[in-house]
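Asks: This is the structure I want to talk about, given as structure tokens.
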Amino acid sequence: MRRRGSLKWDRYDPSVLPCWVADMDFDMADPIRRAVAGLSAAGAFHYPLRRSRPPDRLVADAFAERMEKRYAWSVDPDCTLVVTDLVQALYAAVTALTRKGEGVAVQVPTYPPFRGAIEDTGRQVLAWPANPGPGGYGWDLGWFSQDPRPPAKLLILCNPHNPTGRMLGRKELSELADHVVRNDLIVVADEIHADIVYDGRVHIPFASLGPEVSRRTVTLQSATKSFGIPGVRCAVMHFGSRALLERFTAVVHPRLLGQCGIVGIEATLAAWRDGQEWFEAVLAHLQGMRDYVCAVLRAEMPEIRLHPPQATYLAWLDCSAMALDRPAGDFFLHQAKVAFSAGQTFDPQSSPFVRMNFATSTTIIDEILDRMRQAIRHR
Ligand SMILES: Cc1ncc(COP(=O)(O)O)c(C=O)c1O
């Protein structure tokens, strides 16, 4: 992993085991490797054209096919922009679909760039707080009626949710959809973790909940999380109506978003079309890792509490019972030589939390758990 030169493995010194940024430690799927190697072997790095069409249109078609097949959700490829990454898409959507000073609601704790996309563009963060319940974290719709000031114009919805691993089900999504329609909100639905769901669950795309929901929803997706290829930089941005797409492009011309390179395009096409077998094996491993991590923490480190993630390869660990005198992320980095994502980067009040990425081998996870155990014992 260190030889590959990755953000995850190279940020900290070699004595530290990383389980922070959402990147997986597995070998890439063979169909993706072949697709990328094929480009290189053929020296095929010209301005690309595929079947007389710009290749990003093939990504839009493949996205539409995939959504239909997996979720019975009909998507118009012509309302799909192919961009380089989800964070870019998010900044662009917030910029185009709201004005400076307006309120943008976001589930908290939140993937840090969501907050960045609101603050950096001069909008106001309306932090929609998670309530821990027996079934995991949830977000109470009553919060909206407490009249946040300024009122929300746009909601950034992350489902499945990073960092808690919570996956909202049909009832919660339908209630949210009713609220969104009644209050004329725009929704940017980040569904990058949609494939990585456990125990036979099936993700429900927010925009699939009906035409009124769809026409106000921008869905963000990519193959990069599920297939462990975030470096290829290719993502899609789907607008649930032509009117919403036109409202967006009137402010942000698609040319301003740049174009995804041919490596990202071919890797995405190979992943979505031919990578399913690889993905199923990885998903089975991840579910095993989720169960293993939860069982070990429960049995041997009861001072760390968590709701087992229903989706994602991320676990949101509540270390508040350890009563540490510093953020939990600092404690584990220095005492255990384990790098988690620090809780306070997801929510200023969450310094007793860390986010663990368990998308690795059993050998590495055992070493991480062992280091945590020792650090807790000797604290
Ligand atoms: C919810 C969520 N959205 C977006 C991203 C980043 O996507 P990209 O690399 O395409 O910007 C991540 C990465 O961890 C994520 O968890």
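A note on labels: chains of the structure tokens are A, B, ... as shown, every chain counts residues from 1, and ligands are counted from 1 in their shown order.
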Give as JSON, numbers by chain the residues surrounding ligand 1 up to a distance of 6 Å, considering only C-alpha atoms and all ligand atoms.

Replies: {"A": [22, 85, 86, 87, 158, 162, 190, 192, 230]}

Asks: Got a sec: who's within 9 Å of Phe45 of chain A, counting only C-alpha atoms, leaving out chain neighbours fewer than 4 positions off, as a ChimeraX atom specification?

Replies: /A:39-40,262-263

Asks: Take the residues that were just selected and, keeping all heavy atoms, output them as a PDB file, in the first residue's frame.

Replies:
```pdb
ATOM      1  N   LEU A  39      -5.849   0.901 -22.659  1.00  0.00           N
ATOM      2  CA  LEU A  39      -5.632   2.264 -23.166  1.00  0.00           C
ATOM      3  C   LEU A  39      -4.146   2.528 -23.336  1.00  0.00           C
ATOM      4  O   LEU A  39      -3.693   3.053 -24.352  1.00  0.00           O
ATOM      5  CB  LEU A  39      -6.172   3.294 -22.155  1.00  0.00           C
ATOM      6  CG  LEU A  39      -7.663   3.546 -22.083  1.00  0.00           C
ATOM      7  CD1 LEU A  39      -7.955   4.487 -20.919  1.00  0.00           C
ATOM      8  CD2 LEU A  39      -8.166   4.160 -23.393  1.00  0.00           C
ATOM      9  N   SER A  40      -3.413   2.133 -22.298  1.00  0.00           N
ATOM     10  CA  SER A  40      -1.981   2.414 -22.295  1.00  0.00           C
ATOM     11  C   SER A  40      -1.275   1.598 -23.379  1.00  0.00           C
ATOM     12  O   SER A  40      -0.449   2.129 -24.132  1.00  0.00           O
ATOM     13  CB  SER A  40      -1.448   2.092 -20.893  1.00  0.00           C
ATOM     14  OG  SER A  40      -0.084   2.215 -20.879  1.00  0.00           O
ATOM     15  N   ILE A 262     -10.043  10.265 -20.073  1.00  0.00           N
ATOM     16  CA  ILE A 262     -10.455   8.976 -20.650  1.00  0.00           C
ATOM     17  C   ILE A 262     -10.165   7.806 -19.700  1.00  0.00           C
ATOM     18  O   ILE A 262     -10.876   6.792 -19.701  1.00  0.00           O
ATOM     19  CB  ILE A 262      -9.812   8.768 -22.058  1.00  0.00           C
ATOM     20  CG1 ILE A 262     -10.493   7.625 -22.801  1.00  0.00           C
ATOM     21  CG2 ILE A 262      -8.310   8.554 -21.975  1.00  0.00           C
ATOM     22  CD1 ILE A 262     -11.942   7.838 -23.085  1.00  0.00           C
ATOM     23  N   VAL A 263      -9.157   7.944 -18.849  1.00  0.00           N
ATOM     24  CA  VAL A 263      -8.871   6.844 -17.904  1.00  0.00           C
ATOM     25  C   VAL A 263     -10.038   6.704 -16.922  1.00  0.00           C
ATOM     26  O   VAL A 263     -10.529   5.596 -16.644  1.00  0.00           O
ATOM     27  CB  VAL A 263      -7.536   7.107 -17.153  1.00  0.00           C
ATOM     28  CG1 VAL A 263      -7.341   6.093 -16.042  1.00  0.00           C
ATOM     29  CG2 VAL A 263      -6.370   7.059 -18.131  1.00  0.00           C
TER      30      VAL A 263
END
```

Asks: Could you build a table of the residues in segment 50-112 of chain A lying no more than 8 Å from segment 242-258 of chain A, giving for each the nearest pair of atoms and their separation in Å rounded to one decimal place, using only C-alpha atoms, ordered by chain and ascending residue number, as JSON lines?

Replies:
```
{"residue": "A:Cys79", "atom": "CA", "partner": "A:Arg242", "partner_atom": "CA", "distance": 6.2}
{"residue": "A:Leu81", "atom": "CA", "partner": "A:Pro254", "partner_atom": "CA", "distance": 7.7}
{"residue": "A:Val83", "atom": "CA", "partner": "A:Leu257", "partner_atom": "CA", "distance": 6.3}
{"residue": "A:Thr84", "atom": "CA", "partner": "A:Gly258", "partner_atom": "CA", "distance": 7.5}
{"residue": "A:Gln88", "atom": "CA", "partner": "A:Leu257", "partner_atom": "CA", "distance": 7.7}
{"residue": "A:Ala92", "atom": "CA", "partner": "A:Val252", "partner_atom": "CA", "distance": 6.9}
{"residue": "A:Ala93", "atom": "CA", "partner": "A:Phe248", "partner_atom": "CA", "distance": 7.0}
{"residue": "A:Ala96", "atom": "CA", "partner": "A:Phe248", "partner_atom": "CA", "distance": 5.3}
{"residue": "A:Leu97", "atom": "CA", "partner": "A:Phe248", "partner_atom": "CA", "distance": 6.4}
```

Asks: Restricting the output to C-alpha atoms, write the selected residues as an mmCIF file, in the first residue's frame.

Replies:
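result21.cif, written as the output of this step:
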```cif
data_model
loop_
_atom_site.group_PDB
_atom_site.id
_atom_site.type_symbol
_atom_site.label_atom_id
_atom_site.label_comp_id
_atom_site.auth_asym_id
_atom_site.auth_seq_id
_atom_site.Cartn_x
_atom_site.Cartn_y
_atom_site.Cartn_z
ATOM 1 C CA CYS A 79 -30.028 15.219 -17.766
ATOM 2 C CA LEU A 81 -23.469 15.651 -16.484
ATOM 3 C CA VAL A 83 -17.838 15.618 -13.904
ATOM 4 C CA THR A 84 -14.593 14.834 -12.186
ATOM 5 C CA GLN A 88 -16.742 19.547 -7.339
ATOM 6 C CA ALA A 92 -21.157 23.759 -8.243
ATOM 7 C CA ALA A 93 -24.708 22.790 -7.215
ATOM 8 C CA ALA A 96 -25.805 27.554 -8.916
ATOM 9 C CA LEU A 97 -28.942 26.665 -6.979
#
```

Asks: Need the shell around Cys19 of chain A: protein/DNA/RNA residues with any atom at most 8 Å away, counting only C-alpha atoms. Skip same-chain ones fewer than 5 positions apart. Format as a VMD selection string?

Replies: chain A and resid 8 338 to 341 356 to 358

Asks: With N, CA and C atoms retained, could you export that selection as a PDB file, in the first residue's frame?

Replies:
```pdb
ATOM      1  N   LYS A   8      -4.043   8.051   1.821  1.00  0.00           N
ATOM      2  CA  LYS A   8      -4.339   7.293   3.044  1.00  0.00           C
ATOM      3  C   LYS A   8      -3.069   6.783   3.722  1.00  0.00           C
ATOM      4  N   VAL A 338      -2.530   4.834  15.493  1.00  0.00           N
ATOM      5  CA  VAL A 338      -3.612   4.517  14.565  1.00  0.00           C
ATOM      6  C   VAL A 338      -4.240   5.843  14.142  1.00  0.00           C
ATOM      7  N   ALA A 339      -4.326   6.062  12.839  1.00  0.00           N
ATOM      8  CA  ALA A 339      -4.895   7.323  12.340  1.00  0.00           C
ATOM      9  C   ALA A 339      -6.344   7.116  11.914  1.00  0.00           C
ATOM     10  N   PHE A 340      -7.250   7.633  12.743  1.00  0.00           N
ATOM     11  CA  PHE A 340      -8.662   7.693  12.372  1.00  0.00           C
ATOM     12  C   PHE A 340      -8.930   9.070  11.770  1.00  0.00           C
ATOM     13  N   SER A 341     -10.155   9.261  11.216  1.00  0.00           N
ATOM     14  CA  SER A 341     -10.594  10.627  10.905  1.00  0.00           C
ATOM     15  C   SER A 341     -11.131  11.209  12.216  1.00  0.00           C
ATOM     16  N   MET A 356     -13.817   5.346  11.830  1.00  0.00           N
ATOM     17  CA  MET A 356     -12.913   4.258  11.444  1.00  0.00           C
ATOM     18  C   MET A 356     -13.289   3.747  10.056  1.00  0.00           C
ATOM     19  N   ASN A 357     -12.278   3.541   9.223  1.00  0.00           N
ATOM     20  CA  ASN A 357     -12.472   2.928   7.912  1.00  0.00           C
ATOM     21  C   ASN A 357     -12.016   1.477   8.041  1.00  0.00           C
ATOM     22  N   PHE A 358     -12.952   0.533   7.882  1.00  0.00           N
ATOM     23  CA  PHE A 358     -12.571  -0.876   8.057  1.00  0.00           C
ATOM     24  C   PHE A 358     -12.423  -1.610   6.718  1.00  0.00           C
TER      25      PHE A 358
END
```

Asks: Under the rule that only C-alpha atoms are counted, which of A:Thr110, A:Ala359, A:Arg57, A:His238 is the nearest residue to Ile196 of chain A?

Replies: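 Going through A:Thr110, A:Ala359, A:Arg57, A:His238 one by one, the smallest distance to Ile196 of chain A is for A:Ala359.
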